[in-house]
Structure formats: C-alpha cells, structure tokens
$ cat entry.txt   # compact mmCIF, C-alpha atoms and all ligand atoms
# COMPACT_ATOMS: atom_id res chain seq x y z
CA MET A 1 105.62 115.15 83.39
CA PRO A 2 109.31 115.66 82.73
CA GLU A 3 111.25 112.68 84.10
CA LEU A 4 114.98 112.34 84.64
CA PRO A 5 116.01 112.39 80.93
CA GLU A 6 113.88 115.46 80.21
CA VAL A 7 115.09 117.36 83.30
CA GLU A 8 118.68 116.47 82.41
CA THR A 9 118.09 117.75 78.87
CA VAL A 10 116.67 120.99 80.29
CA ARG A 11 119.76 121.30 82.49
CA ARG A 12 122.13 120.84 79.57
CA SER A 13 120.26 123.21 77.26
CA LEU A 14 119.65 125.89 79.90
CA LEU A 15 123.15 126.11 81.37
CA PRO A 16 124.90 127.77 78.40
CA LEU A 17 122.04 130.29 78.16
CA ILE A 18 122.35 131.58 81.73
CA LYS A 19 125.83 130.61 82.98
CA SER A 20 127.79 133.50 84.54
CA LYS A 21 124.87 135.91 84.10
CA ARG A 22 124.14 138.23 87.03
CA ILE A 23 120.53 138.49 88.17
CA THR A 24 119.30 142.08 88.56
CA ALA A 25 115.61 141.45 89.22
CA ILE A 26 113.10 138.70 89.88
CA SER A 27 109.34 139.02 89.58
CA THR A 28 106.33 136.74 89.68
CA ASN A 29 102.61 136.87 89.10
CA TRP A 30 102.03 133.61 90.99
CA ALA A 31 103.96 133.87 94.24
CA LYS A 32 103.03 130.34 95.35
CA ILE A 33 105.64 128.97 92.94
CA LEU A 34 108.36 130.60 95.09
CA ILE A 35 108.21 128.54 98.26
CA ASN A 36 110.24 130.98 100.38
CA GLY A 37 108.22 133.92 99.06
CA LEU A 38 109.17 136.67 96.61
CA PRO A 39 110.85 138.99 99.20
CA THR A 40 113.31 136.25 100.20
CA PHE A 41 114.10 135.50 96.57
CA GLN A 42 114.63 139.20 95.88
CA LYS A 43 116.93 139.53 98.89
CA ASP A 44 119.01 136.40 98.25
CA VAL A 45 119.00 136.05 94.46
CA VAL A 46 119.26 139.59 93.10
CA GLY A 47 122.91 140.55 92.63
CA ALA A 48 124.12 136.96 92.35
CA ALA A 49 125.36 135.23 89.20
CA VAL A 50 124.60 131.70 88.02
CA THR A 51 127.65 129.46 88.35
CA THR A 52 126.25 126.14 87.20
CA ILE A 53 123.17 123.92 87.20
CA ASP A 54 123.18 120.50 88.83
CA ARG A 55 120.41 117.91 88.87
CA ARG A 56 119.22 115.33 91.41
CA GLY A 57 116.42 113.06 90.23
CA LYS A 58 113.82 115.38 88.70
CA TYR A 59 115.14 118.46 90.56
CA LEU A 60 117.22 121.20 88.99
CA LEU A 61 119.72 122.86 91.33
CA ILE A 62 120.59 126.31 89.99
CA ARG A 63 123.81 127.34 91.76
CA LEU A 64 124.54 130.99 92.48
CA ASN A 65 127.90 132.56 93.32
CA ASN A 66 126.66 133.84 96.70
CA GLY A 67 126.27 130.39 98.24
CA GLU A 68 122.58 130.04 97.43
CA THR A 69 120.87 127.38 95.31
CA ILE A 70 117.49 127.54 93.63
CA VAL A 71 115.91 124.09 93.80
CA SER A 72 113.41 123.85 90.96
CA HIS A 73 110.88 121.11 90.23
CA LEU A 74 108.96 121.39 86.97
CA ARG A 75 106.14 119.04 88.07
CA MET A 76 103.66 118.51 85.22
CA GLU A 77 104.31 121.21 82.66
CA GLY A 78 106.95 123.62 83.93
CA ARG A 79 109.56 124.83 81.46
CA TYR A 80 112.25 127.47 81.20
CA TYR A 81 113.14 129.63 78.28
CA VAL A 82 115.43 132.61 77.75
CA VAL A 83 114.71 135.76 75.76
CA SER A 84 117.49 138.17 74.80
CA ASP A 85 115.21 141.20 75.02
CA ALA A 86 112.99 142.00 78.02
CA HIS A 87 110.45 143.57 75.63
CA THR A 88 109.69 140.15 74.14
CA PRO A 89 105.95 139.68 74.82
CA PHE A 90 105.09 137.44 77.75
CA ASP A 91 102.92 134.37 77.50
CA LYS A 92 99.98 134.31 79.89
CA HIS A 93 101.47 131.19 81.45
CA ASP A 94 104.83 132.85 82.22
CA HIS A 95 104.88 133.09 86.02
CA VAL A 96 108.43 133.82 87.17
CA THR A 97 110.96 136.11 85.47
CA PHE A 98 114.65 136.50 86.25
CA THR A 99 116.21 139.56 84.58
CA PHE A 100 119.96 139.55 83.94
CA GLN A 101 122.49 142.36 83.76
CA ASP A 102 122.69 142.06 79.97
CA GLY A 103 118.94 142.66 79.64
CA SER A 104 118.08 139.08 78.82
CA GLN A 105 115.50 137.21 80.86
CA LEU A 106 114.98 133.68 82.09
CA ARG A 107 111.26 133.00 82.12
CA TYR A 108 109.48 130.14 83.83
CA ARG A 109 106.28 129.04 82.12
CA ASP A 110 103.87 126.64 83.76
CA LEU A 111 100.39 125.94 82.41
CA ARG A 112 99.31 124.14 85.55
CA LYS A 113 101.25 126.26 88.07
CA PHE A 114 102.30 123.07 89.90
CA GLY A 115 106.05 123.68 89.63
CA ARG A 116 107.95 125.02 92.63
CA MET A 117 111.22 126.86 93.33
CA ARG A 118 112.85 126.81 96.73
CA LEU A 119 115.88 128.73 97.88
CA ILE A 120 118.41 126.89 100.05
CA HIS A 121 121.99 127.42 101.13
CA THR A 122 124.25 125.42 98.80
CA GLY A 123 125.30 122.22 100.52
CA GLN A 124 122.15 122.06 102.62
CA GLU A 125 120.19 119.99 100.11
CA GLN A 126 119.38 117.58 102.94
CA SER A 127 117.15 120.27 104.44
CA VAL A 128 114.66 119.65 101.63
CA PRO A 129 112.80 116.50 102.73
CA ALA A 130 112.18 115.24 99.19
CA LEU A 131 115.86 115.65 98.30
CA ALA A 132 117.02 114.08 101.56
CA LYS A 133 114.95 110.96 100.90
CA LEU A 134 115.81 110.69 97.21
CA GLY A 135 117.15 107.32 96.08
CA PRO A 136 120.31 106.88 93.99
CA GLU A 137 120.79 108.29 90.51
CA PRO A 138 120.38 105.46 87.99
CA THR A 139 124.00 105.34 86.83
CA PRO A 140 126.46 102.44 87.09
CA ALA A 141 128.49 104.37 89.68
CA THR A 142 125.58 105.20 91.98
CA PHE A 143 122.83 102.62 91.48
CA ASP A 144 123.85 99.57 93.48
CA GLU A 145 122.10 96.36 92.45
CA ALA A 146 122.29 94.69 95.86
CA ALA A 147 120.84 97.75 97.61
CA PHE A 148 118.08 97.92 94.96
CA ALA A 149 117.27 94.24 95.56
CA GLN A 150 117.05 94.88 99.30
CA LYS A 151 114.58 97.71 98.75
CA LEU A 152 112.40 95.61 96.44
CA LYS A 153 112.22 92.86 99.07
CA ARG A 154 110.69 95.33 101.50
CA HIS A 155 107.83 96.28 99.17
CA HIS A 156 104.69 94.18 98.72
CA LYS A 157 103.32 96.68 96.20
CA ALA A 158 103.23 96.31 92.42
CA ILE A 159 106.68 96.78 90.86
CA LYS A 160 105.31 99.64 88.72
CA SER A 161 104.38 101.62 91.84
CA VAL A 162 107.73 100.88 93.47
CA LEU A 163 109.64 102.20 90.43
CA LEU A 164 107.73 105.49 90.77
CA ASP A 165 108.81 105.76 94.41
CA GLN A 166 111.64 108.33 94.26
CA THR A 167 113.22 106.93 97.43
CA VAL A 168 113.93 103.63 95.66
CA VAL A 169 115.61 105.09 92.59
CA ALA A 170 115.59 108.75 91.53
CA GLY A 171 114.06 110.14 88.37
CA ILE A 172 111.73 107.47 86.97
CA GLY A 173 108.18 108.57 86.12
CA ASN A 174 105.27 106.98 84.30
CA ILE A 175 106.85 106.76 80.85
CA TYR A 176 110.15 105.14 81.79
CA ALA A 177 108.58 102.86 84.40
CA ASP A 178 106.39 101.31 81.69
CA GLU A 179 109.29 101.09 79.25
CA VAL A 180 111.81 99.44 81.59
CA LEU A 181 109.19 96.89 82.66
CA TRP A 182 108.50 95.98 79.01
CA LEU A 183 112.24 95.73 78.32
CA SER A 184 112.58 93.47 81.37
CA ARG A 185 109.49 91.36 80.51
CA LEU A 186 108.01 92.15 83.90
CA ASN A 187 104.30 92.56 84.57
CA PRO A 188 103.59 95.99 86.09
CA LEU A 189 101.43 94.33 88.78
CA GLN A 190 104.08 91.81 89.83
CA PRO A 191 104.63 92.36 93.58
CA ALA A 192 108.10 93.83 94.04
CA ASP A 193 109.10 91.29 96.67
CA THR A 194 108.42 88.36 94.31
CA LEU A 195 111.00 89.30 91.67
CA THR A 196 113.74 86.74 91.15
CA LYS A 197 117.39 87.67 91.45
CA LYS A 198 117.76 87.36 87.69
CA GLU A 199 114.74 89.62 87.07
CA ILE A 200 116.12 92.24 89.45
CA HIS A 201 119.46 92.13 87.64
CA THR A 202 117.77 92.59 84.26
CA LEU A 203 115.54 95.41 85.55
CA HIS A 204 118.45 97.20 87.22
CA ASP A 205 120.50 97.13 84.02
CA ASN A 206 117.57 98.19 81.86
CA ILE A 207 116.86 101.19 84.11
CA ILE A 208 120.42 102.44 83.65
CA LYS A 209 120.50 101.76 79.90
CA GLU A 210 117.05 103.16 79.14
CA LEU A 211 117.47 106.46 80.98
CA ASP A 212 120.90 106.89 79.44
CA ALA A 213 119.50 106.29 75.94
CA ALA A 214 116.65 108.72 76.61
CA ILE A 215 119.08 111.45 77.70
CA ALA A 216 121.10 110.85 74.52
CA ALA A 217 117.89 111.37 72.51
CA GLY A 218 117.08 114.64 74.28
CA GLY A 219 114.24 113.09 76.26
CA THR A 220 110.68 112.17 75.30
CA SER A 221 108.24 114.73 73.95
CA ALA A 222 105.11 112.64 74.45
CA HIS A 223 103.05 115.67 75.45
CA THR A 224 104.22 119.26 75.84
CA TYR A 225 107.83 118.79 76.85
CA VAL A 226 110.53 120.88 75.12
CA ASP A 227 114.02 121.84 76.32
CA ALA A 228 115.19 125.38 77.24
CA GLU A 229 115.71 126.18 73.55
CA GLY A 230 112.25 124.95 72.57
CA ASN A 231 113.52 121.74 71.00
CA ARG A 232 111.47 118.56 71.27
CA GLY A 233 113.17 115.34 72.31
CA SER A 234 113.11 112.34 70.02
CA PHE A 235 112.86 109.41 72.40
CA GLN A 236 109.08 109.12 71.86
CA ASP A 237 110.06 107.30 68.63
CA ALA A 238 111.88 104.68 70.71
CA LEU A 239 109.04 103.94 73.14
CA HIS A 240 107.64 100.41 73.05
CA VAL A 241 104.53 100.57 75.25
CA TYR A 242 103.91 104.04 76.67
CA ASP A 243 100.90 105.66 74.97
CA ARG A 244 100.75 102.71 72.54
CA GLU A 245 97.68 100.85 73.74
CA GLY A 246 95.93 98.95 70.93
CA THR A 247 99.07 98.76 68.78
CA PRO A 248 101.12 95.58 68.25
CA CYS A 249 103.95 94.77 70.64
CA ASP A 250 107.34 95.31 68.93
CA ARG A 251 108.46 91.91 70.21
CA CYS A 252 105.48 89.58 69.69
CA GLY A 253 102.67 91.45 67.92
CA THR A 254 100.17 91.11 70.78
CA LEU A 255 98.21 94.31 71.26
CA ILE A 256 99.49 96.56 74.04
CA VAL A 257 96.91 97.12 76.78
CA LYS A 258 96.43 99.97 79.23
CA ILE A 259 95.43 99.43 82.84
CA LYS A 260 95.58 101.45 86.05
CA VAL A 261 98.21 100.63 88.62
CA GLY A 262 98.04 102.80 91.74
CA GLN A 263 95.94 105.40 89.84
CA ARG A 264 98.53 105.67 87.08
CA GLY A 265 97.85 104.72 83.46
CA THR A 266 100.06 101.72 82.75
CA HIS A 267 100.92 100.14 79.41
CA TYR A 268 102.21 96.61 78.87
CA CYS A 269 102.17 93.56 76.63
CA PRO A 270 100.02 90.78 78.14
CA HIS A 271 102.04 88.13 76.29
CA CYS A 272 105.62 89.28 76.96
CA GLN A 273 104.90 90.46 80.48
CA PRO A 274 102.89 87.72 82.20
CA LEU A 275 101.98 88.02 85.87
CA HIS A 276 103.67 85.18 87.76
CA GLN A 277 101.84 83.68 90.70
CA ARG A 278 104.66 83.26 93.16
CA ARG A 279 104.77 82.80 96.85
CA ARG A 280 106.50 85.65 98.62
CA PRO A 281 109.69 84.64 100.33
CA ALA A 282 109.06 83.93 104.00
ZN ZN B 1 104.85 91.29 73.44

$ encode --input "entry.txt" --output "structure tokens" --more "lines below"
Ligand SMILES: [Zn+2]
Amino acid sequence: MPELPEVETVRRSLLPLIKSKRITAISTNWAKILINGLPTFQKDVVGAAVTTIDRRGKYLLIRLNNGETIVSHLRMEGRYYVVSDAHTPFDKHDHVTFTFQDGSQLRYRDLRKFGRMRLIHTGQEQSVPALAKLGPEPTPATFDEAAFAQKLKRHHKAIKSVLLDQTVVAGIGNIYADEVLWLSRLNPLQPADTLTKKEIHTLHDNIIKELDAAIAAGGTSAHTYVDAEGNRGSFQDALHVYDREGTPCDRCGTLIVKIKVGQRGTHYCPHCQPLHQRRRPA
C-alpha cells in the first residue's frame, strides 16, 4: 500500500503532467470508486482546470479552479498515469478516465478497485471524517513531540498498531512502521504507554527522518508501486527489516523474524528490539 512517501512522490510526479489542464470529460467503468457518483463528478469537474495537488497523510487533494477538490486515496494498488493520446489502449484495470482539452488523459488504474475519489468544496476538508481526524504530518514544523507523547500514554496497544493509527500521526503504513521501530530499537509489541521519554524522543525523530529520506528516494517499490511517470522508487534498498525475514540484521547479524501484530505482518530483530517488561505508569 502506498504510504506517505509514495503518495508524496505521486503528487510531485503527477502535478507537472496535469497542472493547468482543463477537464472536458470524465468516465468510469467502476462507479463505486467515485463516492459522490459519476453524475456529480461530471457536473462539478468537467469544465474545471487543475490548479495544484496537495497531500494530507495518504490522501491526494487535486485542486480545481472552480472551488472543488478531488480527494483521492489509492488504498492498496491505485495509481495514476497520463497518456498524451486518448487512443492509447486502456488496461483492463483502468477504471476512471479524465480527458483534458489538449486530448491527453489522466487514467486511474486499480487492480483491487479499493481506491476512492470524493468530491468536496475546497476548504471543507473537515467534512471528510478520515481527514478531520487525521493526525499531524510528520515534519519538524507540525509533529509535536509532547503531543505525540500524550497520545502514546493513552494507548495500551502495541506501539506498532498505534503507529498505524492515522489519528496519532499521518501517513505511516506497514513498511515505515516496521522501519522506524527498528531504527528506534523498539519492540513492535511494546505497549505504547510503557515507552520511556527517551524512547519517545528517539521514535519521534526517526519518524521524521525516515519519511523524509524515503520521499527523497522516490518512495519504496516493495510491491507494485510506481509514480505517475511509471518510475519505481529506490527506498526498498534502504529498508532494514520490512520483507527481510530470515536475513541478518544490519546492526547485529541476528536473523530478522516476522510476526503478526494486530493482523499485520511485522518484521523486527529479536536482539536489537527486545520487549521490555515494564509496569504501566499509574
Ligand atoms: Zn539486530
């Protein structure tokens, strides 16, 4: 699933391909992807031009010059690509097509059909429950360590599960959760409310650094992910534990193991990331 660095890479690669283009038609062969329904999209999108693309967490916000925003979540396998000629053959997994005035098309491909697009009035992002509840972006300016510590103290769950909770911090999925825990020498099963102040500080800083490094590398192409130009990311070469079970830990040589935490496959080093038996603060 594309996580924050991959969605940000899609944003950056897609913007120059569609910026300022006027939409003349929209069609779909899987209407469920368009949450407001095709007629609403046709009414409110056709005739408008793309001004910019923003991102919040794993959501793309495609801004139009008529005061509307398309909120797009790629879920498991969604991806965008642009063809310069509408006669370019479609893939059977292409489900939504935006045609532009210049004849080019933005196509949305989704093998699993889990992705969704929702039309909202720009500025009313809070009307989308998932966006309204979204935690801070993991940047130095927005991700406050004290507020993060407060949130962790309220969770008795495993730290891995808490990192996946988008209301705690936005944009982390399975890959980066495993990686930041390895970097921070934290066991994925450690209850969130038993982390020490020092551990929280380390984790907080690693979240910011790791996601930033992953964006710089164009994201991780562990599975099918590519950007809007079809380019793979390169951060998979920098992963330490994700998808590396049975291989030696880069720090100590112990073999990486895979377990399930809250139904999610979880990778860690049993030596570097011991589970501490600690009493929860009263
Ligand atoms: Zn290790």

$ residues_around --input "entry.txt" --residues "A:Leu34" --least-positions-apart "5" --cutoff "9 Å" --atoms "all atoms listed in the file" --output "PyMOL selection string"
chain A and resi 28+41+96+116-119

$ closest_residue --input "entry.txt" --among "A:Ala130, A:His156, A:Gln236, A:Trp182" --to "A:Val257" --atoms "all atoms listed in the file"
A:Trp182

$ atom_distance --input "entry.txt" --atom1 "atom CA of A:Thr69" --atom2 "atom CA of A:Arg55"
11.5 Å

$ residues_near_point --input "entry.txt" --point "(103.0, 97.3, 87.9)" --cutoff "7 Å" --atoms "only C-alpha atoms" --output "short mmCIF file (atom, residue, chain, number, x, y, z; two decimals) with C-alpha atoms, in the frame of the given file"
data_model
loop_
_atom_site.label_atom_id
_atom_site.label_comp_id
_atom_site.auth_asym_id
_atom_site.auth_seq_id
_atom_site.Cartn_x
_atom_site.Cartn_y
_atom_site.Cartn_z
CA ALA A 158 103.23 96.31 92.42
CA ILE A 159 106.68 96.78 90.86
CA LYS A 160 105.31 99.64 88.72
CA SER A 161 104.38 101.62 91.84
CA ASN A 187 104.30 92.56 84.57
CA PRO A 188 103.59 95.99 86.09
CA LEU A 189 101.43 94.33 88.78
CA GLN A 190 104.08 91.81 89.83
CA VAL A 261 98.21 100.63 88.62
#

$ closest_atom_pairs --input "entry.txt" --of "chain A" --to "ligand ZN 1 (chain B)" --cutoff "9 Å" --atoms "all atoms listed in the file" --output "tab-separated table"
residue	atom	partner	partner_atom	distance
A:Trp182	CA	B:ZN1	ZN	8.1
A:Arg185	CA	B:ZN1	ZN	8.5
A:Pro248	CA	B:ZN1	ZN	7.7
A:Cys249	CA	B:ZN1	ZN	4.6
A:Asp250	CA	B:ZN1	ZN	6.5
A:Arg251	CA	B:ZN1	ZN	4.9
A:Cys252	CA	B:ZN1	ZN	4.2
A:Gly253	CA	B:ZN1	ZN	5.9
A:Thr254	CA	B:ZN1	ZN	5.4
A:Leu255	CA	B:ZN1	ZN	7.6
A:Ile256	CA	B:ZN1	ZN	7.5
A:Tyr268	CA	B:ZN1	ZN	8.0
A:Cys269	CA	B:ZN1	ZN	4.7
A:Pro270	CA	B:ZN1	ZN	6.8
A:His271	CA	B:ZN1	ZN	5.1
A:Cys272	CA	B:ZN1	ZN	4.1
A:Gln273	CA	B:ZN1	ZN	7.1

$ closest_residue --input "entry.txt" --among "A:Asp227, A:Leu195, A:Gln166, A:Thr51" --to "A:Arg154" --atoms "all atoms listed in the file"
A:Leu195

$ residues_around --input "entry.txt" --residues "A:Glu179" --least-positions-apart "2" --cutoff "7 Å" --atoms "all atoms listed in the file" --output "PDB file with C-alpha atoms, in the coordinates of the input"
ATOM      1  CA  ILE A 175     106.850 106.760  80.850  1.00  0.00           C
ATOM      2  CA  TYR A 176     110.150 105.140  81.790  1.00  0.00           C
ATOM      3  CA  ALA A 177     108.580 102.860  84.400  1.00  0.00           C
ATOM      4  CA  LEU A 181     109.190  96.890  82.660  1.00  0.00           C
ATOM      5  CA  TRP A 182     108.500  95.980  79.010  1.00  0.00           C
ATOM      6  CA  LEU A 183     112.240  95.730  78.320  1.00  0.00           C
ATOM      7  CA  LEU A 239     109.040 103.940  73.140  1.00  0.00           C
ATOM      8  CA  HIS A 240     107.640 100.410  73.050  1.00  0.00           C
ATOM      9  CA  VAL A 241     104.530 100.570  75.250  1.00  0.00           C
ATOM     10  CA  TYR A 242     103.910 104.040  76.670  1.00  0.00           C
TER      11      TYR A 242
END

$ residues_around --input "entry.txt" --residues "A:Glu3" --least-positions-apart "5" --cutoff "12 Å" --atoms "all atoms listed in the file" --output "number ranges by chain"
A: 8-10, 55-60, 73-78, 164, 166, 170-177, 211, 214-215, 218-222, 225

$ atom_distance --input "entry.txt" --atom1 "atom CA of A:Ala25" --atom2 "atom CA of A:Asp110"
19.7 Å

$ atom_distance --input "entry.txt" --atom1 "atom CA of A:His201" --atom2 "atom CA of A:Phe148"
9.4 Å

$ closest_residue --input "entry.txt" --among "A:Pro191, A:Gly123, A:Gly135, A:Pro140" --to "A:Asp205" --atoms "all atoms listed in the file"
A:Pro140

$ closest_residue --input "entry.txt" --among "A:Gln277, A:Thr24, A:Thr88, A:Ser13" --to "A:Phe100" --atoms "all atoms listed in the file"
A:Thr24

$ closest_residue --input "entry.txt" --among "A:His93, A:His155, A:Asp165, A:Asn206" --to "A:Asp193" --atoms "all atoms listed in the file"
A:His155

$ closest_residue --input "entry.txt" --among "A:Arg107, A:Ala146, A:Ala31, A:Ala86" --to "A:Glu229" --atoms "all atoms listed in the file"
A:Arg107

$ residues_around --input "entry.txt" --residues "A:Leu15" --least-positions-apart "2" --cutoff "10 Å" --atoms "all atoms listed in the file" --output "number ranges by chain"
A: 10-13, 17-20, 50-54, 62, 228

$ decode --input "entry.txt" --residues "stretch 138-171 of chain A" --atoms "N, CA and C atoms" --output "compact mmCIF listing (two decimals), in the first residue's frame"
# COMPACT_ATOMS: atom_id res chain seq x y z
N PRO A 138 4.20 14.24 9.62
CA PRO A 138 5.46 14.01 10.35
C PRO A 138 6.61 14.90 9.87
N THR A 139 6.46 16.19 10.08
CA THR A 139 7.54 17.14 9.77
C THR A 139 7.90 17.88 11.05
N PRO A 140 9.11 18.44 11.12
CA PRO A 140 9.50 19.16 12.34
C PRO A 140 8.52 20.27 12.70
N ALA A 141 7.92 20.91 11.70
CA ALA A 141 7.04 22.05 11.97
C ALA A 141 5.68 21.62 12.51
N THR A 142 5.26 20.40 12.18
CA THR A 142 3.88 20.00 12.50
C THR A 142 3.77 18.88 13.52
N PHE A 143 4.82 18.09 13.68
CA PHE A 143 4.75 16.89 14.52
C PHE A 143 5.36 17.22 15.88
N ASP A 144 4.49 17.54 16.83
CA ASP A 144 4.94 17.99 18.14
C ASP A 144 5.23 16.78 19.05
N GLU A 145 6.44 16.77 19.61
CA GLU A 145 6.85 15.61 20.40
C GLU A 145 6.02 15.45 21.68
N ALA A 146 5.73 16.55 22.34
CA ALA A 146 4.95 16.47 23.59
C ALA A 146 3.54 15.96 23.33
N ALA A 147 2.93 16.42 22.24
CA ALA A 147 1.58 15.97 21.90
C ALA A 147 1.60 14.48 21.52
N PHE A 148 2.66 14.06 20.82
CA PHE A 148 2.83 12.65 20.45
C PHE A 148 2.95 11.80 21.72
N ALA A 149 3.75 12.26 22.66
CA ALA A 149 3.93 11.54 23.93
C ALA A 149 2.60 11.39 24.67
N GLN A 150 1.81 12.45 24.66
CA GLN A 150 0.49 12.41 25.31
C GLN A 150 -0.39 11.34 24.68
N LYS A 151 -0.37 11.28 23.35
CA LYS A 151 -1.20 10.29 22.65
C LYS A 151 -0.75 8.87 22.97
N LEU A 152 0.58 8.65 23.02
CA LEU A 152 1.08 7.31 23.32
C LEU A 152 0.66 6.87 24.72
N LYS A 153 0.63 7.80 25.64
CA LYS A 153 0.26 7.47 27.03
C LYS A 153 -1.19 7.00 27.13
N ARG A 154 -2.00 7.36 26.14
CA ARG A 154 -3.41 6.98 26.19
C ARG A 154 -3.68 5.63 25.55
N HIS A 155 -2.64 5.04 24.95
CA HIS A 155 -2.84 3.76 24.24
C HIS A 155 -2.16 2.61 24.97
N HIS A 156 -2.94 1.56 25.28
CA HIS A 156 -2.36 0.36 25.89
C HIS A 156 -1.91 -0.64 24.81
N LYS A 157 -2.26 -0.35 23.58
CA LYS A 157 -1.96 -1.27 22.47
C LYS A 157 -0.46 -1.31 22.15
N ALA A 158 -0.09 -2.31 21.33
CA ALA A 158 1.28 -2.42 20.85
C ALA A 158 1.66 -1.15 20.07
N ILE A 159 2.89 -0.70 20.24
CA ILE A 159 3.35 0.53 19.57
C ILE A 159 3.20 0.42 18.06
N LYS A 160 3.44 -0.78 17.50
CA LYS A 160 3.26 -0.96 16.05
C LYS A 160 1.86 -0.57 15.62
N SER A 161 0.85 -1.06 16.33
CA SER A 161 -0.54 -0.75 15.97
C SER A 161 -0.84 0.74 16.13
N VAL A 162 -0.25 1.35 17.14
CA VAL A 162 -0.50 2.78 17.37
C VAL A 162 0.10 3.63 16.25
N LEU A 163 1.27 3.21 15.74
CA LEU A 163 1.89 3.96 14.63
C LEU A 163 1.04 3.90 13.36
N LEU A 164 0.27 2.81 13.21
CA LEU A 164 -0.59 2.68 12.03
C LEU A 164 -1.89 3.47 12.17
N ASP A 165 -2.17 3.94 13.38
CA ASP A 165 -3.37 4.72 13.65
C ASP A 165 -3.17 6.13 13.08
N GLN A 166 -3.91 6.45 12.02
CA GLN A 166 -3.68 7.73 11.30
C GLN A 166 -4.07 8.95 12.13
N THR A 167 -4.76 8.74 13.25
CA THR A 167 -5.10 9.88 14.09
C THR A 167 -3.94 10.26 15.01
N VAL A 168 -2.97 9.37 15.14
CA VAL A 168 -1.80 9.64 16.00
C VAL A 168 -0.76 10.44 15.21
N VAL A 169 -0.42 9.92 14.05
CA VAL A 169 0.47 10.63 13.13
C VAL A 169 0.07 10.18 11.73
N ALA A 170 0.05 11.11 10.78
CA ALA A 170 -0.48 10.82 9.45
C ALA A 170 0.56 10.19 8.54
N GLY A 171 0.15 9.17 7.81
CA GLY A 171 0.94 8.71 6.67
C GLY A 171 1.77 7.47 6.84
